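**Student:** What follows is the file work25.txt, containing compact mmCIF, C-alpha atoms and all ligand atoms:
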# COMPACT_ATOMS: atom_id res chain seq x y z
CA MET A 1 111.82 97.10 115.47
CA LEU A 2 112.75 97.52 111.83
CA LYS A 3 114.30 100.93 111.19
CA ILE A 4 113.01 102.57 108.05
CA GLY A 5 114.17 105.60 106.11
CA ILE A 6 111.69 107.45 103.92
CA LEU A 7 112.69 109.35 100.79
CA ILE A 8 110.34 112.05 99.54
CA SER A 9 110.17 114.75 96.88
CA GLY A 10 106.78 116.33 97.54
CA ARG A 11 103.75 116.53 99.81
CA GLY A 12 104.50 113.28 101.65
CA SER A 13 101.02 111.87 102.21
CA ASN A 14 102.35 108.29 101.94
CA MET A 15 105.11 109.24 104.36
CA GLN A 16 102.37 110.53 106.69
CA ALA A 17 100.54 107.21 106.41
CA LEU A 18 103.75 105.47 107.51
CA ILE A 19 104.23 107.96 110.36
CA ASP A 20 100.65 107.35 111.53
CA ALA A 21 101.10 103.57 111.34
CA ALA A 22 104.39 103.73 113.26
CA ARG A 23 102.61 105.58 116.08
CA GLN A 24 100.52 102.49 116.75
CA LYS A 25 101.90 100.43 119.60
CA ASP A 26 101.96 97.12 117.75
CA PHE A 27 103.59 98.43 114.56
CA PRO A 28 106.87 96.54 114.10
CA ALA A 29 108.83 99.37 112.41
CA GLN A 30 110.05 102.80 113.40
CA ILE A 31 110.99 105.76 111.22
CA ALA A 32 114.66 106.58 111.62
CA CYS A 33 114.78 109.46 109.14
CA VAL A 34 113.05 111.29 106.33
CA ILE A 35 115.21 112.61 103.50
CA ALA A 36 114.06 114.93 100.71
CA ASN A 37 115.91 115.68 97.49
CA ASP A 38 113.99 118.97 97.21
CA PRO A 39 114.30 121.61 99.96
CA ASP A 40 110.72 122.75 99.22
CA ALA A 41 109.16 119.32 99.71
CA LYS A 42 106.03 119.93 101.77
CA GLY A 43 106.45 116.59 103.48
CA LEU A 44 109.48 117.90 105.40
CA GLU A 45 107.24 120.02 107.62
CA ARG A 46 104.95 117.09 108.29
CA ALA A 47 107.91 114.92 109.33
CA GLN A 48 109.31 117.68 111.56
CA ALA A 49 105.90 118.08 113.19
CA ALA A 50 106.10 114.39 114.06
CA ASN A 51 109.60 114.88 115.56
CA ILE A 52 111.28 112.71 112.95
CA PRO A 53 114.85 113.66 111.97
CA THR A 54 114.80 115.17 108.49
CA SER A 55 117.52 116.04 105.99
CA VAL A 56 117.65 117.62 102.60
CA ILE A 57 120.07 116.21 100.06
CA ASN A 58 119.44 118.41 97.08
CA HIS A 59 120.25 116.58 93.85
CA LYS A 60 120.84 119.95 92.18
CA ASP A 61 123.95 120.45 94.35
CA PHE A 62 125.54 117.51 92.55
CA GLY A 63 124.93 118.64 88.97
CA LYS A 64 124.95 115.61 86.69
CA ASP A 65 126.87 113.46 89.17
CA ARG A 66 124.12 111.01 90.17
CA GLN A 67 126.51 108.67 91.88
CA LYS A 68 127.88 111.35 94.21
CA PHE A 69 124.31 112.34 95.13
CA GLU A 70 123.52 108.71 95.87
CA GLN A 71 126.70 108.18 97.87
CA VAL A 72 125.69 111.02 100.18
CA LEU A 73 122.15 109.61 100.37
CA ASP A 74 123.48 106.15 101.13
CA ALA A 75 125.81 107.47 103.85
CA LYS A 76 122.93 109.30 105.52
CA LEU A 77 120.75 106.20 105.52
CA VAL A 78 123.54 104.04 106.93
CA GLU A 79 124.34 106.65 109.58
CA ALA A 80 120.69 106.60 110.70
CA GLY A 81 120.81 102.80 110.98
CA VAL A 82 118.19 102.33 108.26
CA GLN A 83 117.35 98.73 107.38
CA LEU A 84 114.58 99.37 104.86
CA VAL A 85 114.31 102.35 102.49
CA CYS A 86 110.80 103.44 101.48
CA LEU A 87 110.39 105.67 98.44
CA ALA A 88 107.29 107.77 99.01
CA GLY A 89 106.76 110.01 96.03
CA PHE A 90 110.53 110.19 95.50
CA MET A 91 110.83 111.45 91.96
CA ARG A 92 114.51 110.70 91.21
CA LEU A 93 115.54 107.67 89.23
CA LEU A 94 118.11 105.71 91.24
CA THR A 95 121.14 104.20 89.52
CA PRO A 96 121.92 100.46 89.51
CA TRP A 97 124.69 101.17 92.04
CA PHE A 98 122.22 102.38 94.69
CA VAL A 99 119.51 99.89 93.75
CA ASP A 100 121.92 96.93 94.01
CA ARG A 101 123.34 98.16 97.27
CA TRP A 102 119.83 98.18 98.80
CA ARG A 103 118.53 95.17 96.90
CA ASP A 104 115.41 93.75 98.57
CA ARG A 105 115.72 96.48 101.22
CA LEU A 106 114.32 99.24 98.99
CA ILE A 107 110.61 99.57 98.20
CA ASN A 108 108.46 101.96 96.21
CA ILE A 109 104.79 102.79 95.88
CA HIS A 110 103.36 103.55 92.47
CA PRO A 111 99.78 104.62 91.63
CA SER A 112 98.96 101.94 89.06
CA LEU A 113 98.55 98.20 88.84
CA LEU A 114 102.09 97.53 87.59
CA PRO A 115 103.31 96.51 85.10
CA ALA A 116 100.53 98.63 83.56
CA PHE A 117 101.13 102.38 83.38
CA PRO A 118 104.62 102.95 84.79
CA GLY A 119 106.05 106.46 84.80
CA LEU A 120 104.17 109.74 85.06
CA HIS A 121 100.54 110.69 84.28
CA THR A 122 99.39 107.19 85.20
CA HIS A 123 95.86 108.19 86.17
CA GLN A 124 95.10 109.91 82.88
CA ALA A 125 96.74 107.02 81.02
CA ALA A 126 94.44 104.55 82.78
CA ILE A 127 91.37 106.66 81.97
CA ASP A 128 92.46 107.12 78.33
CA TYR A 129 93.02 103.38 77.93
CA GLY A 130 89.57 102.65 79.35
CA VAL A 131 90.65 100.11 81.96
CA LYS A 132 87.86 99.27 84.40
CA PHE A 133 90.15 98.83 87.38
CA ALA A 134 93.15 100.88 88.41
CA GLY A 135 95.05 100.80 91.66
CA CYS A 136 98.43 100.92 93.31
CA THR A 137 101.45 98.72 93.81
CA VAL A 138 104.15 98.39 96.45
CA HIS A 139 107.20 96.68 95.00
CA PHE A 140 110.88 96.08 95.59
CA VAL A 141 112.91 98.46 93.46
CA ARG A 142 114.99 97.30 90.52
CA ALA A 143 117.04 99.51 88.21
CA GLU A 144 114.26 99.78 85.62
CA MET A 145 111.74 102.47 86.59
CA ASP A 146 108.57 101.29 88.40
CA HIS A 147 109.70 97.71 88.06
CA GLY A 148 110.48 94.94 90.53
CA PRO A 149 108.93 92.12 92.60
CA ILE A 150 105.41 93.07 93.68
CA ILE A 151 104.59 92.92 97.39
CA ILE A 152 100.99 94.22 97.52
CA GLN A 153 98.50 95.67 95.07
CA ALA A 154 95.11 97.23 95.72
CA ALA A 155 92.53 97.68 92.98
CA VAL A 156 89.90 100.41 92.73
CA PRO A 157 87.25 100.83 90.05
CA VAL A 158 87.61 103.43 87.32
CA LEU A 159 84.26 105.21 86.90
CA SER A 160 82.97 106.36 83.54
CA ASP A 161 82.99 110.03 84.55
CA ASP A 162 86.35 109.93 86.34
CA THR A 163 88.82 112.77 86.00
CA ALA A 164 92.50 112.10 86.66
CA ASP A 165 92.16 113.94 89.99
CA ALA A 166 89.12 111.94 91.10
CA LEU A 167 90.83 108.66 90.23
CA ALA A 168 94.08 109.79 91.90
CA ALA A 169 92.19 110.56 95.13
CA ARG A 170 90.54 107.11 95.11
CA ILE A 171 93.89 105.40 94.50
CA LEU A 172 95.68 107.53 97.10
CA GLU A 173 93.30 106.29 99.78
CA ALA A 174 94.32 102.73 98.87
CA GLU A 175 98.02 103.72 98.80
CA HIS A 176 97.77 104.91 102.39
CA LYS A 177 96.46 101.48 103.37
CA ILE A 178 98.87 99.23 101.51
CA TYR A 179 102.15 101.05 102.13
CA PRO A 180 102.07 100.60 105.92
CA GLN A 181 100.84 97.05 105.37
CA ALA A 182 103.81 96.24 103.10
CA VAL A 183 106.22 97.63 105.70
CA ARG A 184 104.50 95.58 108.38
CA LEU A 185 104.81 92.37 106.34
CA ILE A 186 108.52 93.00 105.74
CA ALA A 187 109.14 93.86 109.39
CA GLU A 188 107.38 90.65 110.39
CA ASN A 189 109.72 88.70 108.08
CA ARG A 190 106.81 87.42 106.06
CA VAL A 191 108.04 88.59 102.66
CA ASN A 192 110.25 86.29 100.59
CA VAL A 193 111.61 87.03 97.12
CA MET A 194 112.19 83.99 94.97
CA ASP A 195 113.00 84.20 91.25
CA GLU A 196 111.84 87.82 91.28
CA ARG A 197 108.42 86.94 92.69
CA VAL A 198 107.24 87.76 96.20
CA PHE A 199 105.70 85.11 98.40
CA ILE A 200 103.97 86.16 101.61
CA THR A 201 103.74 83.83 104.58
CA ASN A 202 100.16 83.42 105.88
CA ALA A 203 98.79 85.85 103.31
CA GLY A 204 95.10 84.92 103.62
CA ALA A 205 92.69 84.64 100.71
CA PRO A 206 91.70 87.77 98.78
CA PRO A 207 88.19 88.25 97.32
CA GLN A 208 87.91 86.12 94.21
CA ILE A 209 86.21 88.38 91.64
CA ALA A 210 85.37 92.07 91.46
CA TYR A 211 83.16 93.45 88.70
CA ASN A 212 83.12 96.85 87.05
CA PRO A 213 80.62 97.82 85.75
CA ALA A 214 78.41 96.10 88.30
CA ASP A 215 76.26 95.04 85.35
CA GLY A 216 79.19 92.91 84.21
CA SER A 217 78.42 90.61 87.10
CA PRO A 218 76.48 87.46 86.21
CA LEU A 219 74.46 88.23 89.34
CA ALA A 220 73.20 91.52 87.90
CA LYS A 221 69.71 91.24 86.41
CA SER A 222 69.88 92.19 82.75
CA ALA A 223 66.98 94.17 81.29
CA ALA A 224 66.48 91.49 78.65
CA ALA A 225 65.93 88.76 81.21
CA GLN A 226 63.12 90.66 82.93
C1 LIG B 1 101.87 108.97 95.15
O1 LIG B 1 100.67 108.83 94.44
C2 LIG B 1 102.87 107.92 94.74
O2 LIG B 1 102.27 106.69 94.47
C3 LIG B 1 103.45 108.53 93.48
O3 LIG B 1 103.61 109.88 93.80
C4 LIG B 1 102.60 110.27 94.74
C5 LIG B 1 103.28 110.91 95.92
O4 LIG B 1 102.33 111.43 96.80
N1 LIG B 1 104.68 107.91 93.11
C6 LIG B 1 105.06 107.67 91.86
O5 LIG B 1 104.40 108.02 90.89
C7 LIG B 1 106.37 106.93 91.70
N2 LIG B 1 106.53 106.48 90.37
P1 LIG B 1 102.72 111.72 98.31
O6 LIG B 1 103.94 112.62 98.27
O7 LIG B 1 101.53 112.43 98.86
O8 LIG B 1 102.99 110.42 99.00
Would it be possible to restate this file's structure as structure tokens?
**Tutor:**
Amino acid sequence: MLKIGILISGRGSNMQALIDAARQKDFPAQIACVIANDPDAKGLERAQAANIPTSVINHKDFGKDRQKFEQVLDAKLVEAGVQLVCLAGFMRLLTPWFVDRWRDRLINIHPSLLPAFPGLHTHQAAIDYGVKFAGCTVHFVRAEMDHGPIIIQAAVPVLSDDTADALAARILEAEHKIYPQAVRLIAENRVNVMDERVFITNAGAPPQIAYNPADGSPLAKSAAAQ
């Protein structure tokens, strides 16, 4: 069983997806601890309800000293026997010290098809750009924000009348599927990083082409042809 530690800052719906997955008998990972950097993070209650040990390490207690904050975080993870750290809506940038210490044992989920739309307000940015597909990415963390070898992505269509909230909800549903799947692949030792690219053992073949709008498909009957 791979022991994972989950870091959260907010509502923790991705954390919940990992908790739900870990409840399944055949899931090869267990959640050793949930740590929040914000004492008001709603996800803390959800973790406690699932009987998972929780802690708060409030970054505000450390002022500008990021390294001290991270040393305490690191010590807590080590103490809990964590082998893989999962950022789940953890909204603190981690320094190269922490990122290097947990290199290839630290993953993040981001609600865009990276490297497009890193950072905040990704859903509105995708709508404003006019992309026809958006999605989410699970990746190993590197020091640059929302950057690092990509483990899994899921794509969802962007609809012409989408609001940021509607798109976020569609993407979130995909996030809840791919985050547990990424943890499973890692726990099953099927994820290899080579030259900053991820290769998955026995990955299977994904669907070849998706179209949006559906009328973009060569299979769609155009009005002119009728
Ligand atoms: C999720 O959409 C996650 O992808 C995003 O924050 C949300 C957290 O929701 N993370 C980032 O934007 C990281 N750059 P949750 O607390 O319900 O899991």
**Student:** If you count all atoms listed in the file, which residues fall within 10 Å of range 154-169 of chain A, apart from same-chain ones fewer than 4 positions away, as a list in words?
**Tutor:** Pro111, Ser112, Leu113, His121, Thr122, His123, Gln124, Ala125, Ala126, Ile127, Asp128, Gly130, Val131, Lys132, Phe133, Ala134, Gly135, Cys136, Thr137, Val138, Glu173, Ala174, Glu175, Lys177, Ile178, Ala210, Tyr211, Asn212 and Pro213 of chain A
**Student:** Sorted by chain and rising residue number, which residues of chain A lie within 6 Å of ligand LIG 1 (chain B), and what are their closest atom pairs and distances in Å to one decimal, counting all atoms listed in the file, as a tab-separated table?
**Tutor:**
residue	atom	partner	partner_atom	distance
A:Gly10	CA	B:LIG1	O6	4.7
A:Arg11	CA	B:LIG1	O6	4.2
A:Gly12	CA	B:LIG1	O6	3.5
A:Ser13	CA	B:LIG1	O7	3.4
A:Asn14	CA	B:LIG1	O8	3.7
A:Met15	CA	B:LIG1	O8	5.9
A:Ala88	CA	B:LIG1	O8	5.1
A:Gly89	CA	B:LIG1	C5	3.6
A:Ile109	CA	B:LIG1	O2	4.9
A:His110	CA	B:LIG1	O2	3.9
A:Pro111	CA	B:LIG1	O2	4.3
A:Gly119	CA	B:LIG1	N2	5.6
A:Asp146	CA	B:LIG1	N2	5.9
A:Leu172	CA	B:LIG1	O1	5.8
**Student:** Can you tell me how far CA of Val141 in chain A sits from CA of Pro53 in chain A, in Å to one decimal?
**Tutor:** 24.0 Å
**Student:** May I have a table of the residues of range 79-115 of chain A lying at most 9 Å from range 57-74 of chain A, giving each one's closest pair of atoms and their distance in Å to one decimal, counting all atoms listed in the file, ordered by chain and ascending residue number, as JSON lines?
**Tutor:**
{"residue": "A:Glu79", "atom": "CA", "partner": "A:Asp74", "partner_atom": "CA", "distance": 8.5}
{"residue": "A:Arg92", "atom": "CA", "partner": "A:His59", "partner_atom": "CA", "distance": 8.6}
{"residue": "A:Leu94", "atom": "CA", "partner": "A:Glu70", "partner_atom": "CA", "distance": 7.7}
{"residue": "A:Thr95", "atom": "CA", "partner": "A:Gln67", "partner_atom": "CA", "distance": 7.4}
{"residue": "A:Trp97", "atom": "CA", "partner": "A:Gln67", "partner_atom": "CA", "distance": 7.7}
{"residue": "A:Phe98", "atom": "CA", "partner": "A:Glu70", "partner_atom": "CA", "distance": 6.6}
{"residue": "A:Arg101", "atom": "CA", "partner": "A:Asp74", "partner_atom": "CA", "distance": 8.9}
**Student:** Calculate how many Å separate CA of Ile35 in chain A from CA of Ile107 in chain A, rounding to one decimal.
**Tutor:** 14.8 Å
**Student:** Using all atoms listed in the file, which residue out of A:Gln181, A:Gln153, A:Ser9, A:Ser217 lies closest to Phe90 in chain A?
**Tutor:**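 Answer, going by the shortest atom-to-atom distance: A:Ser9.
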**Student:** Applying 9 Å and all atoms listed in the file, which residues near Ser55 in chain A remain after dropping the ones on its own chain fewer than 4 positions away? List them as a list of chain:residue names.
**Tutor:**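 Returned residues: A:Cys33, A:Val34, A:Ile35, A:Ala36, A:Asn37, A:Pro39, A:Leu44, A:Lys76.
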**Student:** Have a look at CA of Asn108 in chain A and CA of Leu87 in chain A and let me know their distance in Å, one decimal.
**Tutor:**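 Rounded to one decimal, the two atoms are 4.7 Å apart.
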**Student:** Using only C-alpha atoms, can you tell me which of A:Ile151, A:Val82, A:Ala143, A:Val99 comes closest to Leu114 in chain A?
**Tutor:**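 Smallest separation from Leu114 in chain A among the options: A:Ile151.
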**Student:** Looking at A:Leu93, A:Ala203, A:Leu106, A:Ile52, which one is nearest to Met145 in chain A, with distances taken over only C-alpha atoms?
**Tutor:**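 Closest candidate: A:Leu93.
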**Student:** Dump as a tab-separated table the rows for residues of range 15-105 of chain A within 10 Å of range 185-188 of chain A: closest atom pair and distance in Å with one decimal, only C-alpha atoms counted, ordered by chain and rising residue number.
**Tutor:**
residue	atom	partner	partner_atom	distance
A:Phe27	CA	A:Ala187	CA	8.9
A:Pro28	CA	A:Ala187	CA	5.9
A:Ala29	CA	A:Ala187	CA	6.3
A:Gln30	CA	A:Ala187	CA	9.8
A:Gln83	CA	A:Ala187	CA	9.8
A:Leu84	CA	A:Ile186	CA	8.8
A:Asp104	CA	A:Ile186	CA	10.0
A:Arg105	CA	A:Ile186	CA	9.2
**Student:** Would you mind writing range 74-97 of chain A with N, CA, C and O atoms, as an mmCIF file, in the frame of the given file?
**Tutor:**
data_model
loop_
_atom_site.group_PDB
_atom_site.id
_atom_site.type_symbol
_atom_site.label_atom_id
_atom_site.label_comp_id
_atom_site.auth_asym_id
_atom_site.auth_seq_id
_atom_site.Cartn_x
_atom_site.Cartn_y
_atom_site.Cartn_z
ATOM 1 N N ASP A 74 123.171 107.451 100.534
ATOM 2 C CA ASP A 74 123.480 106.150 101.130
ATOM 3 C C ASP A 74 124.131 106.330 102.500
ATOM 4 O O ASP A 74 123.747 105.663 103.475
ATOM 5 N N ALA A 75 125.092 107.247 102.583
ATOM 6 C CA ALA A 75 125.810 107.470 103.850
ATOM 7 C C ALA A 75 124.845 107.925 104.936
ATOM 8 O O ALA A 75 124.915 107.495 106.092
ATOM 9 N N LYS A 76 123.911 108.779 104.552
ATOM 10 C CA LYS A 76 122.930 109.300 105.520
ATOM 11 C C LYS A 76 122.034 108.173 106.035
ATOM 12 O O LYS A 76 121.714 108.108 107.229
ATOM 13 N N LEU A 77 121.624 107.311 105.139
ATOM 14 C CA LEU A 77 120.750 106.200 105.520
ATOM 15 C C LEU A 77 121.494 105.239 106.458
ATOM 16 O O LEU A 77 120.953 104.783 107.461
ATOM 17 N N VAL A 78 122.738 104.958 106.110
ATOM 18 C CA VAL A 78 123.540 104.040 106.930
ATOM 19 C C VAL A 78 123.773 104.655 108.314
ATOM 20 O O VAL A 78 123.616 103.994 109.342
ATOM 21 N N GLU A 79 124.088 105.944 108.309
ATOM 22 C CA GLU A 79 124.340 106.650 109.580
ATOM 23 C C GLU A 79 123.118 106.582 110.504
ATOM 24 O O GLU A 79 123.238 106.462 111.722
ATOM 25 N N ALA A 80 121.924 106.640 109.894
ATOM 26 C CA ALA A 80 120.690 106.600 110.700
ATOM 27 C C ALA A 80 120.308 105.163 111.080
ATOM 28 O O ALA A 80 119.290 104.942 111.735
ATOM 29 N N GLY A 81 121.096 104.200 110.635
ATOM 30 C CA GLY A 81 120.810 102.800 110.980
ATOM 31 C C GLY A 81 119.638 102.205 110.216
ATOM 32 O O GLY A 81 119.000 101.250 110.679
ATOM 33 N N VAL A 82 119.359 102.769 109.044
ATOM 34 C CA VAL A 82 118.190 102.330 108.260
ATOM 35 C C VAL A 82 118.379 100.899 107.732
ATOM 36 O O VAL A 82 119.438 100.552 107.220
ATOM 37 N N GLN A 83 117.322 100.106 107.883
ATOM 38 C CA GLN A 83 117.350 98.730 107.380
ATOM 39 C C GLN A 83 116.461 98.551 106.157
ATOM 40 O O GLN A 83 116.623 97.602 105.399
ATOM 41 N N LEU A 84 115.486 99.433 106.016
ATOM 42 C CA LEU A 84 114.580 99.370 104.860
ATOM 43 C C LEU A 84 114.331 100.796 104.369
ATOM 44 O O LEU A 84 113.980 101.670 105.173
ATOM 45 N N VAL A 85 114.530 101.018 103.069
ATOM 46 C CA VAL A 85 114.310 102.350 102.490
ATOM 47 C C VAL A 85 112.956 102.349 101.774
ATOM 48 O O VAL A 85 112.679 101.468 100.951
ATOM 49 N N CYS A 86 112.121 103.334 102.099
ATOM 50 C CA CYS A 86 110.800 103.440 101.480
ATOM 51 C C CYS A 86 110.741 104.695 100.615
ATOM 52 O O CYS A 86 110.859 105.812 101.141
ATOM 53 N N LEU A 87 110.575 104.520 99.325
ATOM 54 C CA LEU A 87 110.390 105.670 98.440
ATOM 55 C C LEU A 87 108.920 106.068 98.524
ATOM 56 O O LEU A 87 108.031 105.243 98.309
ATOM 57 N N ALA A 88 108.673 107.314 98.862
ATOM 58 C CA ALA A 88 107.290 107.770 99.010
ATOM 59 C C ALA A 88 107.108 109.050 98.197
ATOM 60 O O ALA A 88 107.272 110.152 98.713
ATOM 61 N N GLY A 89 106.830 108.856 96.913
ATOM 62 C CA GLY A 89 106.760 110.010 96.030
ATOM 63 C C GLY A 89 108.141 110.607 95.818
ATOM 64 O O GLY A 89 108.290 111.824 95.722
ATOM 65 N N PHE A 90 109.144 109.744 95.738
ATOM 66 C CA PHE A 90 110.530 110.190 95.500
ATOM 67 C C PHE A 90 110.749 110.161 94.000
ATOM 68 O O PHE A 90 110.744 109.095 93.389
ATOM 69 N N MET A 91 110.896 111.349 93.418
ATOM 70 C CA MET A 91 110.830 111.450 91.960
ATOM 71 C C MET A 91 112.214 111.519 91.298
ATOM 72 O O MET A 91 112.385 112.232 90.314
ATOM 73 N N ARG A 92 113.200 110.814 91.860
ATOM 74 C CA ARG A 92 114.510 110.700 91.210
ATOM 75 C C ARG A 92 114.726 109.250 90.830
ATOM 76 O O ARG A 92 114.460 108.350 91.644
ATOM 77 N N LEU A 93 115.191 109.036 89.611
ATOM 78 C CA LEU A 93 115.540 107.670 89.230
ATOM 79 C C LEU A 93 116.852 107.303 89.931
ATOM 80 O O LEU A 93 117.792 108.086 89.936
ATOM 81 N N LEU A 94 116.893 106.128 90.537
ATOM 82 C CA LEU A 94 118.110 105.710 91.240
ATOM 83 C C LEU A 94 118.951 104.825 90.320
ATOM 84 O O LEU A 94 118.413 104.037 89.538
ATOM 85 N N THR A 95 120.261 104.960 90.421
ATOM 86 C CA THR A 95 121.140 104.200 89.520
ATOM 87 C C THR A 95 121.266 102.756 90.002
ATOM 88 O O THR A 95 120.982 102.446 91.174
ATOM 89 N N PRO A 96 121.729 101.870 89.108
ATOM 90 C CA PRO A 96 121.920 100.460 89.510
ATOM 91 C C PRO A 96 122.847 100.334 90.717
ATOM 92 O O PRO A 96 122.684 99.422 91.529
ATOM 93 N N TRP A 97 123.787 101.248 90.869
ATOM 94 C CA TRP A 97 124.690 101.170 92.040
ATOM 95 C C TRP A 97 123.891 101.222 93.340
ATOM 96 O O TRP A 97 124.031 100.363 94.217
#
